>>> print(open('data_34.cif').read())   # mmCIF, C-alpha atoms
data_data
#
loop_
_atom_site.label_atom_id
_atom_site.label_comp_id
_atom_site.auth_asym_id
_atom_site.auth_seq_id
_atom_site.Cartn_x
_atom_site.Cartn_y
_atom_site.Cartn_z
CA ALA J 1 0.00 0.00 0.00
CA VAL J 2 0.95 3.64 -0.46
CA VAL J 3 -0.44 6.66 1.34
CA LEU J 4 -1.06 9.77 -0.77
CA ALA J 5 -1.55 12.89 1.34
CA HIS J 6 -2.73 16.31 0.27
CA ASN J 7 -0.88 19.44 1.39
CA TYR J 8 -3.75 20.32 3.74
CA GLN J 9 -3.33 17.23 5.89
CA THR J 10 -2.01 17.70 9.42
CA PRO J 11 1.77 17.43 9.93
CA GLU J 12 1.67 14.01 11.63
CA ILE J 13 0.07 12.63 8.45
CA PHE J 14 1.97 14.77 5.94
CA HIS J 15 5.41 14.13 7.47
CA GLY J 16 4.69 10.98 9.44
CA VAL J 17 3.01 8.38 7.23
CA ALA J 18 2.62 9.80 3.71
CA ASP J 19 4.59 8.14 0.93
CA ILE J 20 3.63 10.85 -1.56
CA THR J 21 2.55 14.41 -0.81
CA GLY J 22 1.41 17.29 -2.95
CA ASP J 23 -1.44 19.32 -4.35
CA SER J 24 -4.30 17.75 -6.27
CA LEU J 25 -2.41 17.88 -9.60
CA ALA J 26 0.68 16.20 -8.14
CA LEU J 27 -1.42 13.52 -6.47
CA ALA J 28 -3.32 12.91 -9.72
CA ARG J 29 -0.05 12.40 -11.58
CA GLU J 30 1.53 10.24 -8.89
CA ALA J 31 -1.60 8.10 -8.48
CA ARG J 32 -1.13 7.00 -12.08
CA ALA J 33 2.48 5.97 -11.50
CA VAL J 34 2.48 4.24 -8.12
CA ASP J 35 3.57 0.62 -7.88
CA ALA J 36 1.15 -0.67 -5.25
CA ASP J 37 -2.02 -2.71 -5.08
CA ILE J 38 -3.64 -0.40 -2.54
CA ILE J 39 -3.81 3.39 -2.48
CA VAL J 40 -4.91 5.17 0.69
CA LEU J 41 -5.93 8.73 -0.13
CA ALA J 42 -5.46 11.07 2.81
CA GLY J 43 -7.57 13.86 1.43
CA VAL J 44 -11.19 14.34 0.44
CA HIS J 45 -13.58 12.16 -1.53
CA PHE J 46 -13.13 13.66 -5.00
CA MET J 47 -9.35 13.09 -4.72
CA ALA J 48 -9.90 9.43 -3.91
CA GLU J 49 -12.29 9.18 -6.86
CA THR J 50 -9.66 10.72 -9.13
CA ALA J 51 -7.09 8.20 -7.93
CA LYS J 52 -9.57 5.39 -8.67
CA LEU J 53 -10.34 6.76 -12.13
CA LEU J 54 -6.64 6.69 -12.98
CA ASN J 55 -6.08 3.31 -11.33
CA PRO J 56 -9.21 1.26 -12.06
CA GLU J 57 -7.50 -2.06 -11.26
CA ARG J 58 -6.18 -0.92 -7.89
CA THR J 59 -7.98 -0.73 -4.57
CA VAL J 60 -8.40 2.89 -3.47
CA LEU J 61 -9.37 3.59 0.13
CA ILE J 62 -10.47 6.79 1.84
CA PRO J 63 -10.11 6.70 5.63
CA ASP J 64 -13.36 8.64 6.17
CA GLN J 65 -16.03 8.50 3.49
CA GLU J 66 -17.66 11.64 4.91
CA ALA J 67 -14.61 13.74 3.99
CA GLY J 68 -16.33 15.83 1.34
CA CYS J 69 -15.83 19.22 -0.31
CA SER J 70 -18.07 22.27 -0.53
CA LEU J 71 -17.06 22.79 -4.15
CA ALA J 72 -17.77 19.21 -5.19
CA GLU J 73 -21.14 19.35 -3.48
CA SER J 74 -22.13 22.64 -5.14
CA ILE J 75 -22.83 21.12 -8.56
CA THR J 76 -24.33 17.96 -10.04
CA ALA J 77 -24.08 16.23 -13.40
CA ALA J 78 -27.62 17.43 -14.16
CA ASP J 79 -26.52 21.03 -13.55
CA VAL J 80 -23.72 20.59 -16.08
CA ARG J 81 -26.10 19.20 -18.68
CA VAL J 82 -28.31 22.27 -18.27
CA LEU J 83 -25.31 24.56 -18.76
CA LYS J 84 -24.27 22.70 -21.91
CA ALA J 85 -27.82 22.95 -23.30
CA LYS J 86 -27.81 26.72 -22.70
CA HIS J 87 -24.39 27.16 -24.31
CA PRO J 88 -24.09 24.56 -27.09
CA GLY J 89 -20.60 24.03 -28.46
CA VAL J 90 -18.84 25.81 -25.59
CA PRO J 91 -16.25 23.51 -23.99
CA VAL J 92 -16.65 22.60 -20.33
CA VAL J 93 -13.57 23.03 -18.15
CA THR J 94 -14.09 21.34 -14.80
CA TYR J 95 -12.01 21.90 -11.71
CA VAL J 96 -10.94 18.56 -10.22
CA ASN J 97 -12.77 19.47 -7.01
CA THR J 98 -15.85 17.72 -8.39
CA SER J 99 -17.48 14.31 -8.44
CA ALA J 100 -16.71 11.71 -11.10
CA ALA J 101 -20.25 12.19 -12.45
CA VAL J 102 -19.58 15.90 -13.05
CA LYS J 103 -16.20 15.16 -14.62
CA ALA J 104 -17.96 12.72 -16.96
CA GLU J 105 -20.00 15.61 -18.37
CA SER J 106 -16.86 17.66 -19.03
CA ASP J 107 -14.47 18.14 -21.92
CA ILE J 108 -11.36 18.60 -19.80
CA CYS J 109 -10.43 18.95 -16.15
CA CYS J 110 -8.02 21.35 -14.50
CA THR J 111 -6.46 22.07 -11.13
CA SER J 112 -5.54 25.41 -9.60
CA GLY J 113 -1.99 24.67 -10.73
CA ASN J 114 -2.76 24.27 -14.43
CA ALA J 115 -6.13 26.04 -14.92
CA ARG J 116 -4.64 28.83 -17.02
CA ARG J 117 -2.71 26.42 -19.25
CA VAL J 118 -5.77 24.20 -19.70
CA VAL J 119 -8.00 27.12 -20.70
CA GLU J 120 -5.39 28.54 -23.08
CA SER J 121 -4.81 25.09 -24.63
CA LEU J 122 -8.38 25.08 -25.95
CA GLY J 123 -7.84 28.16 -28.10
CA VAL J 124 -11.45 29.36 -27.79
CA PRO J 125 -12.94 32.75 -26.83
CA SER J 126 -15.18 31.38 -24.07
CA VAL J 127 -15.51 28.33 -21.84
CA ILE J 128 -17.94 26.98 -19.28
CA PHE J 129 -15.76 26.92 -16.15
CA ILE J 130 -17.12 24.99 -13.17
CA PRO J 131 -17.65 25.00 -10.27
CA ASP J 132 -15.34 27.55 -8.54
CA ALA J 133 -16.40 31.07 -9.51
CA HIS J 134 -13.41 32.70 -7.79
CA LEU J 135 -10.91 30.53 -9.65
CA ALA J 136 -12.79 31.22 -12.89
CA ARG J 137 -12.60 34.98 -12.38
CA ASN J 138 -8.90 34.80 -11.58
CA VAL J 139 -8.21 32.69 -14.68
CA ALA J 140 -10.31 35.08 -16.80
CA ALA J 141 -8.17 37.99 -15.60
CA GLU J 142 -5.01 36.12 -16.67
CA THR J 143 -6.25 34.83 -20.01
CA GLY J 144 -8.91 37.23 -21.30
CA VAL J 145 -11.11 34.21 -22.04
CA GLU J 146 -14.80 34.70 -21.26
CA MET J 147 -15.91 32.48 -18.38
CA ILE J 148 -19.45 31.16 -18.13
CA LEU J 149 -19.54 30.68 -14.37
CA TRP J 150 -21.11 28.47 -11.78
CA GLU J 151 -21.27 30.21 -8.41
CA GLY J 152 -19.50 27.56 -6.37
CA ALA J 153 -16.82 28.37 -3.80
CA CYS J 154 -14.43 26.75 -1.37
CA GLU J 155 -15.67 27.36 2.16
CA VAL J 156 -12.07 27.84 3.32
CA HIS J 157 -10.77 30.26 0.70
CA GLU J 158 -13.89 32.36 0.21
CA ARG J 159 -13.67 33.47 3.87
CA PHE J 160 -10.45 35.39 3.23
CA THR J 161 -10.98 39.10 2.51
CA LYS J 162 -8.95 42.02 1.25
CA ARG J 163 -9.23 43.41 4.78
CA ASP J 164 -7.46 40.29 6.08
CA ILE J 165 -4.54 41.03 3.76
CA GLU J 166 -4.39 44.63 4.96
CA ARG J 167 -4.35 43.49 8.61
CA ILE J 168 -1.53 41.03 7.90
CA ARG J 169 0.57 43.69 6.20
CA PHE J 170 -0.11 46.19 9.02
CA GLY J 171 0.84 43.70 11.73
CA HIS J 172 3.87 42.17 10.01
CA GLU J 173 6.13 44.68 8.33
CA GLY J 174 7.81 43.38 5.18
CA VAL J 175 5.62 40.28 4.89
CA THR J 176 5.17 38.68 1.46
CA VAL J 177 1.57 37.59 0.84
CA VAL J 178 0.93 34.49 -1.27
CA ALA J 179 -2.71 33.65 -2.06
CA HIS J 180 -4.48 30.63 -3.46
CA PRO J 181 -6.51 31.34 -6.64
CA GLU J 182 -9.66 29.93 -5.00
CA CYS J 183 -9.67 33.18 -3.00
CA PRO J 184 -11.88 36.09 -4.16
CA ARG J 185 -10.47 38.28 -6.91
CA ASP J 186 -9.74 41.27 -4.64
CA VAL J 187 -7.73 39.02 -2.30
CA VAL J 188 -5.62 37.74 -5.20
CA GLU J 189 -5.11 41.30 -6.45
CA ALA J 190 -3.96 42.39 -2.98
CA ALA J 191 -1.41 39.55 -2.74
CA ASP J 192 2.17 39.60 -4.01
CA PHE J 193 1.75 36.23 -5.73
CA ALA J 194 -1.07 33.78 -6.37
CA GLY J 195 -0.78 30.10 -7.17
CA SER J 196 -1.65 26.54 -6.28
CA THR J 197 -0.22 24.96 -3.15
CA ALA J 198 2.63 23.52 -5.24
CA ASP J 199 3.25 26.98 -6.71
CA MET J 200 3.33 28.40 -3.19
CA VAL J 201 6.04 25.95 -2.16
CA SER J 202 8.02 26.75 -5.29
CA PHE J 203 7.68 30.49 -4.62
CA VAL J 204 9.01 30.16 -1.07
CA ARG J 205 11.83 27.89 -2.25
CA THR J 206 13.05 30.26 -4.97
CA ARG J 207 12.33 33.68 -3.39
CA ARG J 208 13.13 32.82 0.26
CA PRO J 209 11.17 35.75 1.73
CA LYS J 210 12.02 36.71 5.31
CA LYS J 211 8.32 36.63 6.21
CA VAL J 212 5.50 35.02 4.27
CA ALA J 213 1.77 34.58 4.75
CA LEU J 214 0.18 31.71 2.84
CA ILE J 215 -3.46 32.62 2.26
CA THR J 216 -4.88 29.11 2.16
CA GLU J 217 -5.83 26.23 4.44
CA CYS J 218 -4.24 26.29 7.89
CA SER J 219 -2.08 23.14 7.77
CA MET J 220 -0.27 24.26 4.62
CA SER J 221 2.00 26.62 6.56
CA ASP J 222 2.73 23.97 9.19
CA ASN J 223 3.83 21.49 6.52
CA VAL J 224 5.85 23.91 4.38
CA ALA J 225 7.61 25.61 7.31
CA VAL J 226 9.54 22.42 8.12
CA ALA J 227 11.57 22.75 4.91
CA PHE J 228 12.29 26.48 5.36
CA PRO J 229 13.35 27.12 8.98
CA GLU J 230 14.88 30.47 8.04
CA VAL J 231 11.51 31.82 6.80
CA GLU J 232 9.03 33.26 9.27
CA PHE J 233 5.53 32.03 8.48
CA VAL J 234 2.67 34.35 9.43
CA ARG J 235 -0.26 31.99 9.90
CA PRO J 236 -3.79 33.13 9.14
CA CYS J 237 -5.82 30.06 9.98
CA ASN J 238 -8.90 28.89 8.15
CA LEU J 239 -9.32 25.14 8.64
CA CYS J 240 -10.96 22.75 6.18
CA PRO J 241 -13.30 20.63 8.32
CA HIS J 242 -13.43 17.95 5.63
CA MET J 243 -9.66 17.48 5.38
CA LYS J 244 -9.50 17.30 9.16
CA ARG J 245 -11.79 14.25 9.17
CA ILE J 246 -8.73 12.26 8.08
CA THR J 247 -6.67 11.17 11.10
CA LEU J 248 -3.85 8.76 11.86
CA PRO J 249 -6.17 6.23 13.57
CA LYS J 250 -8.52 6.31 10.57
CA ILE J 251 -5.64 5.69 8.15
CA ARG J 252 -4.53 2.71 10.23
CA ARG J 253 -8.10 1.41 10.41
CA ALA J 254 -8.47 1.72 6.64
CA LEU J 255 -5.39 -0.45 6.13
CA GLU J 256 -6.48 -3.00 8.73
CA THR J 257 -10.06 -3.35 7.48
CA MET J 258 -9.76 -2.31 3.79
CA ARG J 259 -12.44 0.31 4.29
CA HIS J 260 -13.74 2.49 2.71
CA GLN J 261 -13.26 1.38 -0.89
CA ILE J 262 -13.95 3.85 -3.69
CA MET J 263 -16.21 2.49 -6.42
CA VAL J 264 -17.16 4.35 -9.61
CA ASP J 265 -19.68 3.21 -12.22
CA PRO J 266 -17.63 1.94 -15.20
CA VAL J 267 -19.55 4.01 -17.77
CA VAL J 268 -19.15 7.19 -15.74
CA ALA J 269 -15.53 6.33 -15.00
CA ALA J 270 -14.61 5.97 -18.67
CA ARG J 271 -15.96 9.41 -19.55
CA ALA J 272 -14.51 11.08 -16.46
CA ARG J 273 -11.12 9.43 -17.04
CA HIS J 274 -10.98 10.94 -20.52
CA ALA J 275 -11.41 14.47 -19.09
CA ILE J 276 -8.68 13.89 -16.51
CA GLU J 277 -6.28 12.37 -19.01
CA ARG J 278 -6.77 15.34 -21.33
CA MET J 279 -5.79 17.56 -18.39
CA LEU J 280 -2.66 15.52 -17.68
CA GLU J 281 -1.56 15.94 -21.31
CA VAL J 282 -1.41 19.73 -20.87
CA HIS J 283 2.06 20.90 -19.85
#
>>> encode(input="data_34.cif", output="C-alpha cells")
Amino acid sequence: AVVLAHNYQTPEIFHGVADITGDSLALAREARAVDADIIVLAGVHFMAETAKLLNPERTVLIPDQEAGCSLAESITAADVRVLKAKHPGVPVVTYVNTSAAVKAESDICCTSGNARRVVESLGVPSVIFIPDAHLARNVAAETGVEMILWEGACEVHERFTKRDIERIRFGHEGVTVVAHPECPRDVVEAADFAGSTADMVSFVRTRRPKKVALITECSMSDNVAVAFPEVEFVRPCNLCPHMKRITLPKIRRALETMRHQIMVDPVVAARARHAIERMLEVH
C-alpha cells in the first residue's frame, strides 16, 4: 500500500506516514504511477475518486467516506447538462474538485496549478468553467477568455478578505503575501503572488522571503515551514473541516479493514477518465 496525502493534511500525516505528498495535480499524476495494489488517499472524496479513475484495477481507500468538499457538493451532473444545453458548443472546463459524475459531463479537467494552461490550450474565446467562480474569475483575468460561471466556492478560501490582507501587512512589516486562486479576486489582487499549493512551495523555495503569509488552508503553513526554517511564516488560519476528518487512527483502520473502498460506475468512470487524461496531457 501507499499513502497519498494532500498538502492540507495535518503534519503528523503529511510528514509521518505519507509516501507521496502534494497538491491535487501532483497527487493525480503520482496516483497513475504508483507501484502498489492499494492506495490510501489522505484527502477528500473527490481526490480518492480521481485516484480510482486513474487506477481502475487498484484498490483505493479513503479513511473517512464523509470527507467531502463544498465545491464538489455545489454542482451535479444534471446542472452541467443544463449549462451545456444553454451554451451549445462551448467547452466545459471542470475543476478537479468535483465528483466523477460531473467530470464525466466535461471536456477537460483542470487544477488550480494548471487552470490557465488548460483554458489557453483550448484556443477558444469562451468556456464553461465549473464550479469555482473565484478561480474562474482569476483565470479570466489572466487569459482574457470569457468564463461562463457556476457560483460555487471553497468554504475555506472564500472566507479570506482584502481586509485580512491589509491586517496582515499592518501587523507584520515586510511580509510577502501568497494567495491561493480559490480566493476572491480582490484578495488575489492584494497579494504579491497567487498560485496553487505547489506553486506556493516553489515560490518560497526560490524567493526565500524573510516573512511570508500563505493565504490558504491552515495546515499548509505547518507542513511547508519544516523545509524552510529560516523563513518566518505568518499563519492566518482557516481550517478545512473535511480534510481534518482524516486522522492517523482512521488511516490505520483503513489499512487493517480495507475500508472504505472507492467504487465508480464503469460508464461514468470511462468518460470522467478521458477528461482527466486530457488535463494531464497539458504541460
>>> residues_around(input="data_34.cif", residues="Val156 in chain J", least_positions_apart="2", cutoff="9 Å", atoms="only C-alpha atoms", output="VMD selection string")
chain J and resid 153 to 154 158 to 160 182 to 183 216 to 217 238 to 241
>>> resolve_selection(input="data_34.cif", expression="the PyMOL selection byres ((chain J and resi 193) around 7)", output="PyMOL selection string")
chain J and resi 177-179+191-192+194-195
>>> resolve_selection(input="data_34.cif", expression="the PyMOL selection byres ((chain J and resi 173) around 12)", output="list in words")
Glu166, Arg167, Ile168, Arg169, Phe170, Gly171, His172, Gly174, Val175, Thr176, Val177, Lys210, Lys211, Val212, Ala213, Glu232 and Val234 of chain J
>>> write_last_selection(input="data_34.cif", atoms="C-alpha atoms", output="compact mmCIF listing (two decimals), keeping the file's coordinate frame")
# COMPACT_ATOMS: atom_id res chain seq x y z
CA GLU J 166 -4.39 44.63 4.96
CA ARG J 167 -4.35 43.49 8.61
CA ILE J 168 -1.53 41.03 7.90
CA ARG J 169 0.57 43.69 6.20
CA PHE J 170 -0.11 46.19 9.02
CA GLY J 171 0.84 43.70 11.73
CA HIS J 172 3.87 42.17 10.01
CA GLY J 174 7.81 43.38 5.18
CA VAL J 175 5.62 40.28 4.89
CA THR J 176 5.17 38.68 1.46
CA VAL J 177 1.57 37.59 0.84
CA LYS J 210 12.02 36.71 5.31
CA LYS J 211 8.32 36.63 6.21
CA VAL J 212 5.50 35.02 4.27
CA ALA J 213 1.77 34.58 4.75
CA GLU J 232 9.03 33.26 9.27
CA VAL J 234 2.67 34.35 9.43
>>> resolve_selection(input="data_34.cif", expression="the PyMOL selection byres ((chain J and resi 223) around 9)", output="list in words")
Asn7, Tyr8, Gln9, Thr10, Pro11, Phe14, His15, Ser219, Met220, Ser221, Asp222, Val224, Ala225, Val226 and Ala227 of chain J
>>> write_last_selection(input="data_34.cif", atoms="C-alpha atoms", output="PDB file, in the frame of the given file")
ATOM      1  CA  ASN J   7      -0.880  19.440   1.390  1.00  0.00           C
ATOM      2  CA  TYR J   8      -3.750  20.320   3.740  1.00  0.00           C
ATOM      3  CA  GLN J   9      -3.330  17.230   5.890  1.00  0.00           C
ATOM      4  CA  THR J  10      -2.010  17.700   9.420  1.00  0.00           C
ATOM      5  CA  PRO J  11       1.770  17.430   9.930  1.00  0.00           C
ATOM      6  CA  PHE J  14       1.970  14.770   5.940  1.00  0.00           C
ATOM      7  CA  HIS J  15       5.410  14.130   7.470  1.00  0.00           C
ATOM      8  CA  SER J 219      -2.080  23.140   7.770  1.00  0.00           C
ATOM      9  CA  MET J 220      -0.270  24.260   4.620  1.00  0.00           C
ATOM     10  CA  SER J 221       2.000  26.620   6.560  1.00  0.00           C
ATOM     11  CA  ASP J 222       2.730  23.970   9.190  1.00  0.00           C
ATOM     12  CA  VAL J 224       5.850  23.910   4.380  1.00  0.00           C
ATOM     13  CA  ALA J 225       7.610  25.610   7.310  1.00  0.00           C
ATOM     14  CA  VAL J 226       9.540  22.420   8.120  1.00  0.00           C
ATOM     15  CA  ALA J 227      11.570  22.750   4.910  1.00  0.00           C
TER      16      ALA J 227
END
>>> closest_residue(input="data_34.cif", among="J:Val96, J:Ala190, J:Ile276, J:Ala42", to="Glu12 in chain J", atoms="only C-alpha atoms")
J:Ala42
>>> closest_residue(input="data_34.cif", among="J:Ala275, J:Met243, J:Ala140, J:Leu122", to="Val44 in chain J", atoms="all atoms listed in the file")
J:Met243
>>> atom_distance(input="data_34.cif", atom1="CA of Arg235 in chain J", atom2="CA of Ser74 in chain J")
28.1 Å
>>> closest_residue(input="data_34.cif", among="J:Val34, J:Cys69, J:Ser24, J:Glu142", to="Arg117 in chain J", atoms="all atoms listed in the file")
J:Glu142
>>> atom_distance(input="data_34.cif", atom1="CA of Arg273 in chain J", atom2="CA of Pro91 in chain J")
16.5 Å
>>> closest_residue(input="data_34.cif", among="J:Ile39, J:Ile128, J:Ala133, J:Ile62", to="Ala85 in chain J", atoms="only C-alpha atoms")
J:Ile128
>>> closest_residue(input="data_34.cif", among="J:Val139, J:Ala101, J:Leu53, J:Leu248", to="Gly16 in chain J", atoms="all atoms listed in the file")
J:Leu248
>>> decode(input="data_34.cif", residues="range 231-255 of chain J", atoms="N, CA and C atoms", output="compact mmCIF listing (two decimals), in the first residue's frame")
# COMPACT_ATOMS: atom_id res chain seq x y z
N VAL J 231 12.63 30.96 7.20
CA VAL J 231 11.51 31.82 6.80
C VAL J 231 10.50 31.88 7.94
N GLU J 232 10.07 33.10 8.26
CA GLU J 232 9.03 33.26 9.27
C GLU J 232 7.66 33.16 8.60
N PHE J 233 6.86 32.22 9.06
CA PHE J 233 5.53 32.03 8.48
C PHE J 233 4.48 32.71 9.36
N VAL J 234 3.82 33.74 8.79
CA VAL J 234 2.67 34.35 9.43
C VAL J 234 1.48 33.45 9.11
N ARG J 235 0.68 33.08 10.10
CA ARG J 235 -0.26 31.99 9.90
C ARG J 235 -1.72 32.37 10.11
N PRO J 236 -2.33 32.98 9.08
CA PRO J 236 -3.79 33.13 9.14
C PRO J 236 -4.39 31.74 9.07
N CYS J 237 -5.41 31.46 9.86
CA CYS J 237 -5.82 30.06 9.98
C CYS J 237 -7.29 29.84 9.69
N ASN J 238 -7.58 29.40 8.49
CA ASN J 238 -8.90 28.89 8.15
C ASN J 238 -8.75 27.39 7.93
N LEU J 239 -9.43 26.60 8.73
CA LEU J 239 -9.32 25.14 8.64
C LEU J 239 -10.36 24.57 7.69
N CYS J 240 -9.99 23.51 6.98
CA CYS J 240 -10.96 22.75 6.18
C CYS J 240 -11.49 21.62 7.07
N PRO J 241 -12.77 21.68 7.44
CA PRO J 241 -13.30 20.63 8.32
C PRO J 241 -13.32 19.26 7.67
N HIS J 242 -13.37 19.23 6.34
CA HIS J 242 -13.43 17.95 5.63
C HIS J 242 -12.07 17.27 5.63
N MET J 243 -11.02 18.04 5.34
CA MET J 243 -9.66 17.48 5.38
C MET J 243 -9.34 16.95 6.78
N LYS J 244 -9.83 17.67 7.79
CA LYS J 244 -9.50 17.30 9.16
C LYS J 244 -10.26 16.06 9.64
N ARG J 245 -11.15 15.52 8.83
CA ARG J 245 -11.79 14.25 9.17
C ARG J 245 -10.81 13.08 9.02
N ILE J 246 -9.74 13.30 8.26
CA ILE J 246 -8.73 12.26 8.08
C ILE J 246 -7.75 12.33 9.24
N THR J 247 -7.56 11.22 9.94
CA THR J 247 -6.67 11.17 11.10
C THR J 247 -5.77 9.94 11.01
N LEU J 248 -4.74 9.93 11.83
CA LEU J 248 -3.85 8.76 11.86
C LEU J 248 -4.60 7.47 12.22
N PRO J 249 -5.44 7.46 13.27
CA PRO J 249 -6.17 6.23 13.57
C PRO J 249 -7.06 5.76 12.43
N LYS J 250 -7.66 6.69 11.70
CA LYS J 250 -8.52 6.31 10.57
C LYS J 250 -7.71 5.73 9.42
N ILE J 251 -6.51 6.25 9.20
CA ILE J 251 -5.64 5.69 8.15
C ILE J 251 -5.25 4.26 8.52
N ARG J 252 -4.87 4.07 9.78
CA ARG J 252 -4.53 2.71 10.23
C ARG J 252 -5.73 1.77 10.08
N ARG J 253 -6.91 2.25 10.48
CA ARG J 253 -8.10 1.41 10.41
C ARG J 253 -8.42 1.04 8.95
N ALA J 254 -8.22 1.99 8.06
CA ALA J 254 -8.47 1.72 6.64
C ALA J 254 -7.58 0.58 6.14
N LEU J 255 -6.33 0.59 6.55
CA LEU J 255 -5.39 -0.45 6.13
C LEU J 255 -5.70 -1.79 6.79
